[in-house]
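Participant: This is the content of entry-v3.txt (compact mmCIF, C-alpha atoms):
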# COMPACT_ATOMS: atom_id res chain seq x y z
CA GLY A 1 34.19 85.72 -33.04
CA ILE A 2 37.28 86.61 -35.07
CA GLN A 3 40.62 88.28 -34.46
CA VAL A 4 39.58 91.60 -35.96
CA ASP A 5 42.99 93.27 -35.79
CA VAL A 6 44.60 90.58 -37.95
CA PHE A 7 42.70 92.06 -40.90
CA GLY A 8 43.51 95.67 -40.01
CA PRO A 9 46.21 98.08 -41.22
CA SER A 10 49.04 95.61 -40.54
CA ALA A 11 47.79 93.37 -43.35
CA LEU A 12 49.23 94.64 -46.63
CA PRO A 13 47.80 93.95 -50.09
CA PHE A 14 49.84 92.07 -52.67
CA PRO A 15 51.54 94.74 -54.83
CA HIS A 16 51.41 92.67 -58.03
CA LEU A 17 47.62 92.47 -57.72
CA ARG A 18 47.17 96.20 -57.10
CA ASP A 19 47.89 96.96 -60.73
CA GLY A 20 44.83 98.97 -61.71
CA LYS A 21 42.48 96.01 -62.06
CA ILE A 22 39.41 95.66 -59.84
CA ASN A 23 39.66 92.52 -57.72
CA LEU A 24 36.69 90.38 -56.79
CA LEU A 25 37.52 87.88 -54.05
CA PHE A 26 35.99 84.45 -53.44
CA PHE A 27 37.42 82.80 -50.32
CA SER A 28 36.24 79.31 -49.48
CA ARG A 29 36.75 75.60 -49.91
CA LEU A 30 35.84 74.73 -53.48
CA GLU A 31 32.73 72.73 -52.62
CA LYS A 32 29.66 72.81 -54.86
CA ARG A 33 27.47 74.42 -52.16
CA LYS A 34 29.83 77.39 -51.97
CA GLY A 35 28.39 78.55 -55.30
CA LEU A 36 31.52 79.28 -57.32
CA LYS A 37 29.76 78.43 -60.59
CA TYR A 38 27.22 81.19 -59.96
CA LEU A 39 29.98 83.70 -59.33
CA LEU A 40 31.72 82.61 -62.53
CA GLY A 41 28.42 83.07 -64.34
CA ALA A 42 28.07 86.57 -62.89
CA TYR A 43 31.69 87.34 -63.72
CA SER A 44 31.16 86.33 -67.34
CA ARG A 45 28.22 88.77 -67.54
CA LEU A 46 30.35 91.59 -66.13
CA LYS A 47 33.68 91.05 -67.87
CA TRP A 48 32.59 92.50 -71.23
CA ASP A 49 31.60 95.85 -69.69
CA TRP A 50 34.38 95.77 -67.11
CA PRO A 51 37.49 94.48 -68.93
CA ASN A 52 39.71 95.50 -66.00
CA LEU A 53 37.85 93.10 -63.68
CA ARG A 54 39.70 90.18 -62.10
CA LEU A 55 38.45 87.28 -59.96
CA LEU A 56 40.64 85.81 -57.23
CA VAL A 57 39.55 82.35 -56.09
CA VAL A 58 41.27 81.47 -52.82
CA GLY A 59 40.82 78.22 -50.94
CA PRO A 60 41.57 74.48 -51.10
CA GLY A 61 39.97 72.00 -53.49
CA ASN A 62 39.14 71.83 -57.17
CA PRO A 63 36.34 73.55 -59.12
CA ASP A 64 33.29 71.40 -59.87
CA GLY A 65 32.43 70.31 -63.38
CA ASP A 66 29.99 73.16 -63.99
CA SER A 67 32.66 75.71 -63.03
CA TYR A 68 35.16 74.15 -65.42
CA ARG A 69 32.53 74.21 -68.17
CA ILE A 70 31.75 77.90 -67.65
CA LEU A 71 35.46 78.76 -67.65
CA ALA A 72 36.02 76.89 -70.91
CA GLU A 73 32.82 77.75 -72.80
CA ARG A 74 33.01 81.45 -72.02
CA ASN A 75 36.80 81.65 -72.27
CA LEU A 76 37.00 83.64 -69.04
CA GLN A 77 40.12 85.71 -68.59
CA ASP A 78 41.72 87.06 -65.41
CA VAL A 79 40.41 84.30 -63.14
CA ILE A 80 43.20 83.28 -60.76
CA PHE A 81 42.96 80.10 -58.70
CA VAL A 82 45.25 80.62 -55.72
CA GLY A 83 44.58 77.46 -53.68
CA ARG A 84 45.17 77.10 -49.96
CA VAL A 85 46.98 80.00 -48.26
CA SER A 86 48.49 80.75 -44.85
CA GLU A 87 46.63 82.80 -42.24
CA GLU A 88 48.94 85.74 -42.93
CA ASP A 89 48.33 85.59 -46.67
CA LYS A 90 44.58 85.19 -46.10
CA ALA A 91 44.49 88.63 -44.48
CA ARG A 92 46.54 90.01 -47.37
CA TYR A 93 44.09 88.67 -49.97
CA TYR A 94 41.22 90.34 -48.16
CA LYS A 95 43.19 93.60 -48.25
CA THR A 96 43.93 93.09 -51.95
CA ALA A 97 40.24 92.72 -52.80
CA ASP A 98 37.92 95.54 -53.84
CA ILE A 99 34.71 93.53 -53.39
CA PHE A 100 34.19 90.30 -51.44
CA CYS A 101 31.75 87.79 -52.94
CA ALA A 102 30.06 84.93 -51.07
CA PRO A 103 27.63 83.12 -53.41
CA ALA A 104 26.99 80.06 -51.21
CA THR A 105 23.73 78.22 -51.89
CA GLY A 106 22.90 77.19 -48.32
CA LYS A 107 23.89 75.12 -45.28
CA GLU A 108 26.09 77.90 -43.88
CA SER A 109 25.83 77.98 -40.10
CA PHE A 110 27.57 81.34 -39.76
CA GLY A 111 29.34 83.81 -42.03
CA ILE A 112 32.87 83.90 -40.61
CA VAL A 113 34.28 84.88 -44.02
CA LEU A 114 31.88 87.81 -44.08
CA LEU A 115 33.21 89.01 -40.72
CA GLU A 116 36.76 88.73 -42.02
CA ALA A 117 35.85 90.81 -45.07
CA MET A 118 34.22 93.41 -42.80
CA ALA A 119 37.33 93.54 -40.62
CA ALA A 120 39.33 94.30 -43.77
CA GLY A 121 36.85 97.08 -44.63
CA LYS A 122 35.55 95.43 -47.80
CA PRO A 123 32.04 95.75 -49.25
CA ILE A 124 30.26 92.41 -49.55
CA VAL A 125 27.97 90.80 -52.08
CA ALA A 126 26.47 87.63 -50.60
CA THR A 127 23.47 85.37 -50.93
CA SER A 128 20.52 85.92 -48.64
CA ILE A 129 20.81 82.54 -46.95
CA GLU A 130 20.18 82.16 -43.23
CA GLY A 131 23.80 81.95 -42.09
CA PHE A 132 24.77 85.08 -44.03
CA SER A 133 21.67 87.16 -43.33
CA SER A 134 22.39 86.90 -39.61
CA VAL A 135 25.69 88.73 -40.17
CA VAL A 136 25.07 91.15 -43.06
CA THR A 137 22.15 93.56 -43.33
CA HIS A 138 21.26 94.39 -46.92
CA GLY A 139 22.36 97.92 -47.80
CA GLN A 140 24.48 98.35 -44.69
CA GLU A 141 27.59 96.12 -44.74
CA GLY A 142 26.82 94.65 -48.14
CA LEU A 143 24.25 93.65 -50.72
CA LEU A 144 22.29 90.40 -50.44
CA VAL A 145 20.91 88.53 -53.44
CA PRO A 146 18.90 85.32 -53.89
CA PRO A 147 21.02 82.15 -54.02
CA LYS A 148 21.66 80.37 -57.34
CA ASP A 149 20.98 83.54 -59.33
CA ASP A 150 24.02 84.68 -61.30
CA GLU A 151 22.05 87.51 -62.93
CA ALA A 152 21.16 89.03 -59.53
CA LEU A 153 24.72 88.46 -58.35
CA ALA A 154 26.07 90.28 -61.40
CA GLY A 155 23.63 93.15 -60.86
CA ALA A 156 24.72 93.67 -57.26
CA ILE A 157 28.40 93.55 -58.16
CA ASP A 158 27.78 95.94 -61.05
CA SER A 159 26.14 98.48 -58.73
CA LEU A 160 29.27 98.44 -56.55
CA LEU A 161 31.59 98.66 -59.54
CA LYS A 162 29.74 101.78 -60.67
CA SER A 163 29.90 103.46 -57.24
CA PRO A 164 33.20 103.71 -55.34
CA GLU A 165 31.25 105.82 -52.83
CA LEU A 166 28.87 102.94 -52.09
CA ARG A 167 31.79 100.53 -51.77
CA ALA A 168 33.41 102.84 -49.23
CA LYS A 169 30.14 103.31 -47.32
CA LEU A 170 29.51 99.56 -47.01
CA GLY A 171 33.13 98.89 -46.10
CA ASN A 172 33.12 101.52 -43.36
CA LYS A 173 29.86 100.18 -41.92
CA GLY A 174 31.33 96.69 -41.94
CA ARG A 175 34.29 97.88 -39.87
CA GLU A 176 31.85 99.22 -37.28
CA THR A 177 29.67 96.11 -37.21
CA VAL A 178 32.54 93.65 -36.87
CA GLN A 179 33.68 95.25 -33.61
CA GLU A 180 30.83 93.34 -31.91
CA TYR A 181 32.50 90.10 -32.98
CA ARG A 182 35.86 90.74 -31.33
CA TRP A 183 36.81 87.72 -29.25
CA ASP A 184 36.96 89.71 -26.03
CA ARG A 185 33.36 90.88 -26.50
CA VAL A 186 32.11 87.48 -27.66
CA ALA A 187 33.85 85.72 -24.78
CA GLY A 188 32.34 88.20 -22.31
CA ARG A 189 28.83 87.51 -23.63
CA VAL A 190 29.39 83.75 -23.40
CA MET A 191 30.61 84.07 -19.82
CA ASP A 192 27.62 86.23 -18.93
CA TYR A 193 25.31 83.58 -20.35
CA TYR A 194 26.99 80.81 -18.36
CA LYS A 195 26.70 82.91 -15.22
CA THR A 196 22.99 83.49 -15.87
CA VAL A 197 22.39 79.76 -16.30
CA ILE A 198 24.41 78.86 -13.19
CA ASP A 199 22.68 81.48 -11.08
CA GLY A 200 19.32 80.25 -12.33
CA LYS A 201 20.13 76.70 -11.27
CA LYS A 202 21.22 77.91 -7.83
CA VAL A 203 17.88 79.67 -7.39
CA ALA A 204 16.01 76.54 -8.54
CA HIS A 205 17.91 74.35 -6.06
CA ALA A 206 17.30 76.84 -3.25
CA ARG A 207 13.58 76.43 -3.79
Taking this structure as input, can you express it in the form of structure tokens?

Facilitator:
Amino acid sequence: GIQVDVFGPSALPFPHLRDGKINLLFFSRLEKRKGLKYLLGAYSRLKWDWPNLRLLVVGPGNPDGDSYRILAERNLQDVIFVGRVSEEDKARYYKTADIFCAPATGKESFGIVLLEAMAAGKPIVATSIEGFSSVVTHGQEGLLVPPKDDEALAGAIDSLLKSPELRAKLGNKGRETVQEYRWDRVAGRVMDYYKTVIDGKKVAHAR
């Protein structure tokens, strides 16, 4: 579960980043399995046709060697490494984004960041790995692409860049879906499960 309302209307975007550019957001620890290099590869494919595109990289750690190489070899502009942020600023970065990107390559148990993006009403482009596919349905809250495929990632982002209507549709659906992950609802389901197990044991003992 997540605190859905934290990412609601009370979270305000950063004014200096709402300057007419289109903001892609990557929010994660900068570990290799989070797939930043694939997003940078996709970004480099898109930047020529979309010069007003910007990539915000938020989260602790340092880029891996492949990411540094892509940045240098392709001379990528408008990539901002923000680093670690507070919980309050995290919500503000989600609100600042136009598209949320999650290019992880695997080993994700659950897509909490995807839920946070949904709560902020943002369309998602993510990899079709198990932990993400359990949260996002392709074509509903976001678009899913194969992992480790910067061309497919670029294509999905491009389709959203070309269609503000699709971005709005996915964002609105995400707001609906994330309501099921409010802590009060999640906690209620957990308690119901415990009660079912306890009642089952009582019946077994009675026999």

Participant: Taking into account only C-alpha atoms, which residue in the set A:Arg167, A:Lys34, A:His16, A:Arg182 is nearest to Leu115 (chain A)?

Facilitator: A:Arg182

Participant: Which residues of region 144-182 of chain A have any atom within 9 Å of an atom in region 97-110 of chain A when counting all atoms listed in the file, and what is the closest pair of atoms for each, with the distance in Å to one decimal? Order the rows by chain and rising number and write it as JSON lines.

Facilitator:
{"residue": "A:Val145", "atom": "CA", "partner": "A:Pro103", "partner_atom": "CA", "distance": 8.6}
{"residue": "A:Pro146", "atom": "CA", "partner": "A:Thr105", "partner_atom": "CA", "distance": 8.8}
{"residue": "A:Pro147", "atom": "CA", "partner": "A:Thr105", "partner_atom": "CA", "distance": 5.2}
{"residue": "A:Lys148", "atom": "CA", "partner": "A:Thr105", "partner_atom": "CA", "distance": 6.2}
{"residue": "A:Asp149", "atom": "CA", "partner": "A:Pro103", "partner_atom": "CA", "distance": 8.9}
{"residue": "A:Asp150", "atom": "CA", "partner": "A:Pro103", "partner_atom": "CA", "distance": 8.8}
{"residue": "A:Leu153", "atom": "CA", "partner": "A:Pro103", "partner_atom": "CA", "distance": 7.8}
{"residue": "A:Ile157", "atom": "CA", "partner": "A:Ile99", "partner_atom": "CA", "distance": 7.9}
{"residue": "A:Leu160", "atom": "CA", "partner": "A:Ile99", "partner_atom": "CA", "distance": 8.0}
{"residue": "A:Leu161", "atom": "CA", "partner": "A:Ile99", "partner_atom": "CA", "distance": 8.6}
{"residue": "A:Arg167", "atom": "CA", "partner": "A:Ile99", "partner_atom": "CA", "distance": 7.8}

Participant: Sort by chain and increasing residue number a table of all residues of region 69-165 of chain A within 7 Å of region 54-64 of chain A, each with its closest pair of atoms and their distance in Å to one decimal, counting all atoms listed in the file, and write it as CSV.

Facilitator:
residue,atom,partner,partner_atom,distance
A:Asp78,CA,A:Arg54,CA,5.0
A:Val79,CA,A:Leu55,CA,4.8
A:Ile80,CA,A:Leu56,CA,5.0
A:Phe81,CA,A:Val57,CA,4.8
A:Val82,CA,A:Val58,CA,5.0
A:Gly83,CA,A:Gly59,CA,4.7
A:Arg84,CA,A:Pro60,CA,4.6
A:Val85,CA,A:Gly59,CA,6.9

Participant: Taking only C-alpha atoms into account, name the residue in A:Ile129, A:Leu36, A:Ile22, A:Ala72 that is nearest to Asn52 (chain A).

Facilitator: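 Of A:Ile129, A:Leu36, A:Ile22, A:Ala72, the one nearest Asn52 (chain A) is A:Ile22, counting only C-alpha atoms.
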
Participant: Hey, what's within 12 Å of Thr137 (chain A) if we count only C-alpha atoms and toss same-chain stuff fewer than 5 positions away? As a list of chain:residue names, please?

Facilitator: A:Leu114, A:Pro123, A:Ile124, A:Val125, A:Ala126, A:Thr127, A:Ser128, A:Ile129, A:Glu130, A:Gly131, A:Phe132, A:Gly142, A:Leu143, A:Leu144, A:Val145, A:Leu170, A:Lys173, A:Gly174, A:Thr177

Participant: Figure out the distance between CA of Arg45 (chain A) and CA of Gln77 (chain A), please, to one decimal in Å.

Facilitator: 12.3 Å

Participant: So which one's closest to Ala117 (chain A), A:Gly171, A:Pro51, A:Pro15, A:Gly1? Using all atoms listed in the file, please.

Facilitator: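 Answer, going by the shortest atom-to-atom distance: A:Gly171.
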
Participant: Could you check which of A:Gly111, A:Ala11, A:Phe26, A:Glu141 is closest to Asp89 (chain A), using all atoms listed in the file?

Facilitator: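 Once distances to Asp89 (chain A) are computed over all atoms listed in the file, the minimum belongs to A:Ala11.
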
Participant: Using all atoms listed in the file, list the residues that have an atom at most 9 Å from (24.6, 85.9, -61.5), coordinates as in the file, as a ChimeraX atom specification.

Facilitator: /A:38-45,148-156

Participant: Of the candidates A:Leu12, A:Leu17, A:Leu46, A:Leu30, which one gets nearest to Lys162 (chain A) if we count all atoms listed in the file?

Facilitator: A:Leu46

Participant: Which is closer to Phe7 (chain A) than all the others in A:Lys122, A:Leu25, A:Leu71, A:Asp66, using only C-alpha atoms?

Facilitator: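 The shortest atom-to-atom distance to Phe7 (chain A) comes from A:Lys122.
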
Participant: Neighbouring residues of Ala119 (chain A) were defined as those with any atom within 8 Å, considering all atoms listed in the file; residues of the same chain fewer than 6 positions away were excluded. Please report them as a PyMOL selection string.

Facilitator: chain A and resi 4-5+7-8+174-175+178
